[in-house]
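File shown: entry-v3.pdb (PDB, C-alpha atoms).
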```
MODEL        1
ATOM      1  CA  MET A   1     -30.046  -4.598  14.743  1.00  0.00           C
ATOM      2  CA  LEU A   2     -33.764  -4.574  14.018  1.00  0.00           C
ATOM      3  CA  SER A   3     -34.318  -7.344  16.572  1.00  0.00           C
ATOM      4  CA  ARG A   4     -32.596  -5.217  19.235  1.00  0.00           C
ATOM      5  CA  VAL A   5     -34.854  -2.262  18.459  1.00  0.00           C
ATOM      6  CA  VAL A   6     -37.944  -4.469  18.608  1.00  0.00           C
ATOM      7  CA  CYS A   7     -36.723  -5.997  21.872  1.00  0.00           C
ATOM      8  CA  LEU A   8     -36.039  -2.572  23.435  1.00  0.00           C
ATOM      9  CA  PHE A   9     -39.403  -1.254  22.240  1.00  0.00           C
ATOM     10  CA  SER A  10     -41.176  -4.302  23.699  1.00  0.00           C
ATOM     11  CA  LEU A  11     -39.391  -3.862  27.020  1.00  0.00           C
ATOM     12  CA  MET A  12     -40.348  -0.169  27.149  1.00  0.00           C
ATOM     13  CA  LEU A  13     -43.959  -1.052  26.351  1.00  0.00           C
ATOM     14  CA  ILE A  14     -44.054  -3.633  29.162  1.00  0.00           C
ATOM     15  CA  LEU A  15     -42.599  -1.117  31.646  1.00  0.00           C
ATOM     16  CA  VAL A  16     -45.045   1.610  30.646  1.00  0.00           C
ATOM     17  CA  THR A  17     -47.988  -0.801  30.868  1.00  0.00           C
ATOM     18  CA  ALA A  18     -46.845  -2.071  34.274  1.00  0.00           C
ATOM     19  CA  GLY A  19     -46.476   1.506  35.496  1.00  0.00           C
ATOM     20  CA  ALA A  20     -49.987   2.365  34.326  1.00  0.00           C
ATOM     21  CA  ALA A  21     -51.410  -0.643  36.150  1.00  0.00           C
ATOM     22  CA  GLN A  22     -49.708   0.403  39.378  1.00  0.00           C
ATOM     23  CA  ARG A  23     -50.904   4.018  39.319  1.00  0.00           C
ATOM     24  CA  THR A  24     -54.619   3.242  39.054  1.00  0.00           C
ATOM     25  CA  ALA A  25     -56.655   2.006  41.994  1.00  0.00           C
ATOM     26  CA  GLU A  26     -60.287   2.084  43.064  1.00  0.00           C
ATOM     27  CA  TYR A  27     -61.452   3.834  46.218  1.00  0.00           C
ATOM     28  CA  GLY A  28     -64.726   4.215  48.061  1.00  0.00           C
ATOM     29  CA  VAL A  29     -65.456   7.882  48.756  1.00  0.00           C
ATOM     30  CA  SER A  30     -68.022   9.386  51.114  1.00  0.00           C
ATOM     31  CA  ILE A  31     -68.601  12.589  53.078  1.00  0.00           C
ATOM     32  CA  PRO A  32     -69.081  11.440  56.678  1.00  0.00           C
ATOM     33  CA  ASN A  33     -68.999  14.686  58.669  1.00  0.00           C
ATOM     34  CA  LEU A  34     -70.825  17.430  56.845  1.00  0.00           C
ATOM     35  CA  PRO A  35     -71.175  20.534  59.086  1.00  0.00           C
ATOM     36  CA  VAL A  36     -74.953  20.917  58.876  1.00  0.00           C
ATOM     37  CA  ALA A  37     -76.935  23.074  61.323  1.00  0.00           C
ATOM     38  CA  PRO A  38     -80.030  21.670  63.035  1.00  0.00           C
ATOM     39  CA  GLY A  39     -83.024  21.713  60.694  1.00  0.00           C
ATOM     40  CA  GLU A  40     -80.962  21.937  57.486  1.00  0.00           C
ATOM     41  CA  SER A  41     -81.429  19.496  54.615  1.00  0.00           C
ATOM     42  CA  ILE A  42     -79.147  18.756  51.670  1.00  0.00           C
ATOM     43  CA  VAL A  43     -80.610  19.839  48.321  1.00  0.00           C
ATOM     44  CA  SER A  44     -77.635  19.610  45.941  1.00  0.00           C
ATOM     45  CA  PHE A  45     -73.953  18.808  45.671  1.00  0.00           C
ATOM     46  CA  GLU A  46     -71.070  18.989  43.249  1.00  0.00           C
ATOM     47  CA  ILE A  47     -67.887  16.967  43.605  1.00  0.00           C
ATOM     48  CA  ASN A  48     -64.737  17.534  41.567  1.00  0.00           C
ATOM     49  CA  VAL A  49     -62.165  14.775  41.210  1.00  0.00           C
ATOM     50  CA  THR A  50     -58.694  15.506  39.888  1.00  0.00           C
ATOM     51  CA  ALA A  51     -56.680  12.506  38.644  1.00  0.00           C
ATOM     52  CA  GLY A  52     -59.709  10.260  38.938  1.00  0.00           C
ATOM     53  CA  ALA A  53     -62.971   9.092  37.412  1.00  0.00           C
ATOM     54  CA  ILE A  54     -66.322   8.168  38.940  1.00  0.00           C
ATOM     55  CA  GLN A  55     -66.920   4.437  38.415  1.00  0.00           C
ATOM     56  CA  SER A  56     -70.275   4.204  40.204  1.00  0.00           C
ATOM     57  CA  VAL A  57     -72.540   5.855  42.751  1.00  0.00           C
ATOM     58  CA  MET A  58     -74.192   3.754  45.451  1.00  0.00           C
ATOM     59  CA  ASN A  59     -77.339   4.620  47.396  1.00  0.00           C
ATOM     60  CA  VAL A  60     -78.617   7.250  44.966  1.00  0.00           C
ATOM     61  CA  PRO A  61     -81.759   8.637  46.621  1.00  0.00           C
ATOM     62  CA  VAL A  62     -85.119   8.606  44.870  1.00  0.00           C
ATOM     63  CA  GLY A  63     -86.042  12.048  43.573  1.00  0.00           C
ATOM     64  CA  TRP A  64     -82.468  13.078  42.778  1.00  0.00           C
ATOM     65  CA  TYR A  65     -80.968  13.990  39.408  1.00  0.00           C
ATOM     66  CA  LEU A  66     -77.282  13.080  38.878  1.00  0.00           C
ATOM     67  CA  VAL A  67     -74.882  14.005  36.082  1.00  0.00           C
ATOM     68  CA  VAL A  68     -71.379  12.518  35.899  1.00  0.00           C
ATOM     69  CA  ASP A  69     -68.813  14.067  33.560  1.00  0.00           C
ATOM     70  CA  ASN A  70     -65.846  11.680  33.354  1.00  0.00           C
ATOM     71  CA  ASP A  71     -63.719  13.952  31.197  1.00  0.00           C
ATOM     72  CA  ALA A  72     -60.840  12.344  29.293  1.00  0.00           C
ATOM     73  CA  SER A  73     -58.446  14.732  31.071  1.00  0.00           C
ATOM     74  CA  TRP A  74     -59.057  12.804  34.352  1.00  0.00           C
ATOM     75  CA  ARG A  75     -60.779  15.884  35.795  1.00  0.00           C
ATOM     76  CA  THR A  76     -64.169  14.494  36.708  1.00  0.00           C
ATOM     77  CA  LYS A  77     -67.257  16.264  37.982  1.00  0.00           C
ATOM     78  CA  ILE A  78     -70.484  14.931  39.440  1.00  0.00           C
ATOM     79  CA  LYS A  79     -73.450  17.238  40.010  1.00  0.00           C
ATOM     80  CA  ALA A  80     -76.667  16.272  41.758  1.00  0.00           C
ATOM     81  CA  ASN A  81     -79.800  17.944  43.024  1.00  0.00           C
ATOM     82  CA  THR A  82     -83.268  17.124  44.275  1.00  0.00           C
ATOM     83  CA  THR A  83     -86.080  17.165  41.773  1.00  0.00           C
ATOM     84  CA  VAL A  84     -88.644  17.887  44.518  1.00  0.00           C
ATOM     85  CA  GLY A  85     -88.272  19.400  47.985  1.00  0.00           C
ATOM     86  CA  ALA A  86     -89.543  16.228  49.639  1.00  0.00           C
ATOM     87  CA  ALA A  87     -86.439  14.415  48.336  1.00  0.00           C
ATOM     88  CA  ALA A  88     -84.037  16.693  50.258  1.00  0.00           C
ATOM     89  CA  LEU A  89     -81.701  14.611  52.395  1.00  0.00           C
ATOM     90  CA  LYS A  90     -81.172  14.675  56.106  1.00  0.00           C
ATOM     91  CA  PRO A  91     -77.471  14.532  57.086  1.00  0.00           C
ATOM     92  CA  GLU A  92     -77.724  10.876  58.160  1.00  0.00           C
ATOM     93  CA  ASP A  93     -79.152   9.964  54.722  1.00  0.00           C
ATOM     94  CA  PHE A  94     -76.442  11.943  52.917  1.00  0.00           C
ATOM     95  CA  LYS A  95     -73.791   9.891  54.728  1.00  0.00           C
ATOM     96  CA  GLN A  96     -75.117   6.800  52.929  1.00  0.00           C
ATOM     97  CA  LEU A  97     -73.983   8.061  49.507  1.00  0.00           C
ATOM     98  CA  ARG A  98     -70.879   6.229  48.276  1.00  0.00           C
ATOM     99  CA  PHE A  99     -68.835   6.970  45.194  1.00  0.00           C
ATOM    100  CA  VAL A 100     -66.465   4.465  43.635  1.00  0.00           C
ATOM    101  CA  VAL A 101     -63.582   6.451  42.179  1.00  0.00           C
ATOM    102  CA  LYS A 102     -60.747   5.205  40.002  1.00  0.00           C
ATOM    103  CA  LYS A 103     -57.609   7.125  40.957  1.00  0.00           C
ATOM    104  CA  ASN A 104     -55.091   7.737  38.165  1.00  0.00           C
ATOM    105  CA  GLU A 105     -52.165   9.996  39.050  1.00  0.00           C
ATOM    106  CA  PHE A 106     -49.640  10.781  36.346  1.00  0.00           C
ATOM    107  CA  GLY A 107     -47.158  13.554  35.629  1.00  0.00           C
ATOM    108  CA  ASP A 108     -48.091  16.613  37.683  1.00  0.00           C
ATOM    109  CA  LEU A 109     -51.725  15.485  38.017  1.00  0.00           C
ATOM    110  CA  LYS A 110     -52.288  14.426  41.646  1.00  0.00           C
ATOM    111  CA  PHE A 111     -55.439  12.986  43.207  1.00  0.00           C
ATOM    112  CA  LYS A 112     -57.653  15.632  44.795  1.00  0.00           C
ATOM    113  CA  LEU A 113     -61.282  15.923  45.843  1.00  0.00           C
ATOM    114  CA  THR A 114     -63.177  19.191  46.243  1.00  0.00           C
ATOM    115  CA  GLY A 115     -66.797  20.160  46.150  1.00  0.00           C
ATOM    116  CA  THR A 116     -69.788  22.069  47.377  1.00  0.00           C
ATOM    117  CA  VAL A 117     -72.886  20.855  49.189  1.00  0.00           C
ATOM    118  CA  SER A 118     -75.927  23.139  49.353  1.00  0.00           C
ATOM    119  CA  VAL A 119     -78.213  22.990  52.377  1.00  0.00           C
ATOM    120  CA  THR A 120     -81.418  24.796  53.288  1.00  0.00           C
ATOM    121  CA  LYS A 121     -83.894  25.144  56.120  1.00  0.00           C
ATOM    122  CA  ASP A 122     -86.747  26.776  54.210  1.00  0.00           C
ATOM    123  CA  PHE A 123     -86.166  25.971  50.487  1.00  0.00           C
ATOM    124  CA  GLN A 124     -85.983  29.728  49.852  1.00  0.00           C
ATOM    125  CA  GLN A 125     -82.304  30.288  50.635  1.00  0.00           C
ATOM    126  CA  GLU A 126     -79.444  27.841  50.256  1.00  0.00           C
ATOM    127  CA  ARG A 127     -76.188  27.822  52.164  1.00  0.00           C
ATOM    128  CA  PRO A 128     -73.155  26.397  50.334  1.00  0.00           C
ATOM    129  CA  ILE A 129     -70.656  24.270  52.261  1.00  0.00           C
ATOM    130  CA  GLN A 130     -67.236  24.102  50.611  1.00  0.00           C
ATOM    131  CA  LEU A 131     -65.415  20.762  50.743  1.00  0.00           C
ATOM    132  CA  ILE A 132     -61.710  19.993  50.506  1.00  0.00           C
ATOM    133  CA  THR A 133     -59.971  16.632  50.244  1.00  0.00           C
ATOM    134  CA  SER A 134     -59.753  16.193  54.032  1.00  0.00           C
ATOM    135  CA  ASP A 135     -63.585  16.387  54.276  1.00  0.00           C
ATOM    136  CA  PHE A 136     -63.901  13.129  52.313  1.00  0.00           C
ATOM    137  CA  ALA A 137     -63.449   9.600  53.640  1.00  0.00           C
ATOM    138  CA  VAL A 138     -61.376   7.672  51.091  1.00  0.00           C
ATOM    139  CA  THR A 139     -60.918   3.926  51.548  1.00  0.00           C
ATOM    140  CA  ALA A 140     -59.176   1.422  49.288  1.00  0.00           C
ATOM    141  CA  MET A 141     -61.440  -1.154  47.677  1.00  0.00           C
TER     142      MET A 141
ENDMDL
END
```

Just dump the structure as structure tokens.
Amino acid sequence: MLSRVVCLFSLMLILVTAGAAQRTAEYGVSIPNLPVAPGESIVSFEINVTAGAIQSVMNVPVGWYLVVDNDASWRTKIKANTTVGAAALKPEDFKQLRFVVKKNEFGDLKFKLTGTVSVTKDFQQERPIQLITSDFAVTAM
């Protein structure tokens, strides 16, 4: 009887582990088409990832400060801003940023990306641009 219980427990553990391996995957994420007006520069951004974690950030510009909060709840946040006005990004430079995100959907938690990018023309006033999942380019790695 005990051997049956151990066998059933082992089988359940294998199935759960296999299911966990199938639900995680890594993706490259970027923001290719930010609606920026002529003369505007990017000075900060915040990206929220639901059912995912930031694995790495590629092409981090010099003069930028980044904070990644990979919360254990799989609700991740990355915040970034310029440390000096001269480090503000032109739209073509912002397109070079790439985030490697590990997707991990489970239960009711589904993969979603949202965020805000702040732009300015004069460094006195900022204009926030809200982002939804469809604003991001997500490609399997």

**Study point:** Expected residue set, 9 Å radius at (-50.4, 8.4, 42.3), all atoms listed in the file, as a list in words
**Key:**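 So the residues meeting the distance criterion are Gln22, Arg23, Thr24, Ala25, Ala51, Lys103, Asn104, Glu105, Phe106, Leu109, Lys110 and Phe111 of chain A.
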
Review point. Hey, which of A:Val68, A:Val119, A:Ile78, A:Leu34 ends up closest to Asn48 (chain A)? Count all atoms listed in the file.
Key: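 When distances to Asn48 (chain A) are compared using all atoms listed in the file, the smallest one comes from A:Ile78.
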
Review point. Quick one: residues within 7 Å of Ala87 (chain A), all atoms listed in the file counted, chain neighbours fewer than 6 positions away excluded, as a VMD selection string?
Key: chain A and resid 62 to 64

Check your understanding: Exactly which residues make up the result of the PyMOL selection byres ((chain A and resi 131) around 6) on this file, given as a ChimeraX atom specification?
Key -> /A:114-116,130,132,135

Prev. selection, C-alpha atoms, output as a compact mmCIF listing (two decimals), keeping the file's coordinate frame:
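Output saved as out-v5.txt:
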```txt
# COMPACT_ATOMS: atom_id res chain seq x y z
CA THR A 114 -63.18 19.19 46.24
CA GLY A 115 -66.80 20.16 46.15
CA THR A 116 -69.79 22.07 47.38
CA GLN A 130 -67.24 24.10 50.61
CA ILE A 132 -61.71 19.99 50.51
CA ASP A 135 -63.58 16.39 54.28
```

Point to revise | Which of A:Ile31, A:Tyr65, A:Asp122, A:Ser44 sits closest to Ser134 (chain A) [using all atoms listed in the file] | key: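 Once distances to Ser134 (chain A) are computed over all atoms listed in the file, the minimum belongs to A:Ile31.
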
Review point. Taking all atoms listed in the file into account, which of A:Leu113, A:Val101, A:Val36, A:Ala80 comes nearest Thr139 (chain A)?
Key: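 The answer is A:Val101, which sits nearest to Thr139 (chain A).
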
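Shortest atom-to-atom contact with Tyr27 (chain A) among A:Lys112, A:Lys77, A:Lys121, A:Lys102: A:Lys102, counting all atoms listed in the file.
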
Would you mind putting N, CA and C atoms back on region 113-125 of chain A and writing the result as a compact mmCIF listing (two decimals), in the frame of the given file?
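The resulting file, rebuild_27.txt, is reproduced below:
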```
# COMPACT_ATOMS: atom_id res chain seq x y z
N LEU A 113 -59.83 15.83 45.80
CA LEU A 113 -61.28 15.92 45.84
C LEU A 113 -61.67 17.29 46.39
N THR A 114 -62.61 17.94 45.74
CA THR A 114 -63.18 19.19 46.24
C THR A 114 -64.67 19.16 45.93
N GLY A 115 -65.39 20.11 46.48
CA GLY A 115 -66.80 20.16 46.15
C GLY A 115 -67.56 21.19 46.94
N THR A 116 -68.86 21.19 46.69
CA THR A 116 -69.79 22.07 47.38
C THR A 116 -71.07 21.29 47.63
N VAL A 117 -71.59 21.43 48.84
CA VAL A 117 -72.89 20.86 49.19
C VAL A 117 -73.78 22.03 49.58
N SER A 118 -74.98 22.07 49.02
CA SER A 118 -75.93 23.14 49.35
C SER A 118 -76.99 22.61 50.29
N VAL A 119 -77.22 23.37 51.37
CA VAL A 119 -78.21 22.99 52.38
C VAL A 119 -79.22 24.13 52.53
N THR A 120 -80.39 23.79 53.06
CA THR A 120 -81.42 24.80 53.29
C THR A 120 -82.29 24.39 54.46
N LYS A 121 -82.90 25.39 55.07
CA LYS A 121 -83.89 25.14 56.12
C LYS A 121 -85.31 25.38 55.58
N ASP A 122 -85.42 26.33 54.63
CA ASP A 122 -86.75 26.78 54.21
C ASP A 122 -87.01 26.65 52.71
N PHE A 123 -86.07 26.13 51.94
CA PHE A 123 -86.17 25.97 50.49
C PHE A 123 -86.27 27.31 49.75
N GLN A 124 -86.03 28.40 50.47
CA GLN A 124 -85.98 29.73 49.85
C GLN A 124 -84.54 30.18 49.66
N GLN A 125 -83.72 29.91 50.68
CA GLN A 125 -82.30 30.29 50.64
C GLN A 125 -81.47 29.04 50.86
```
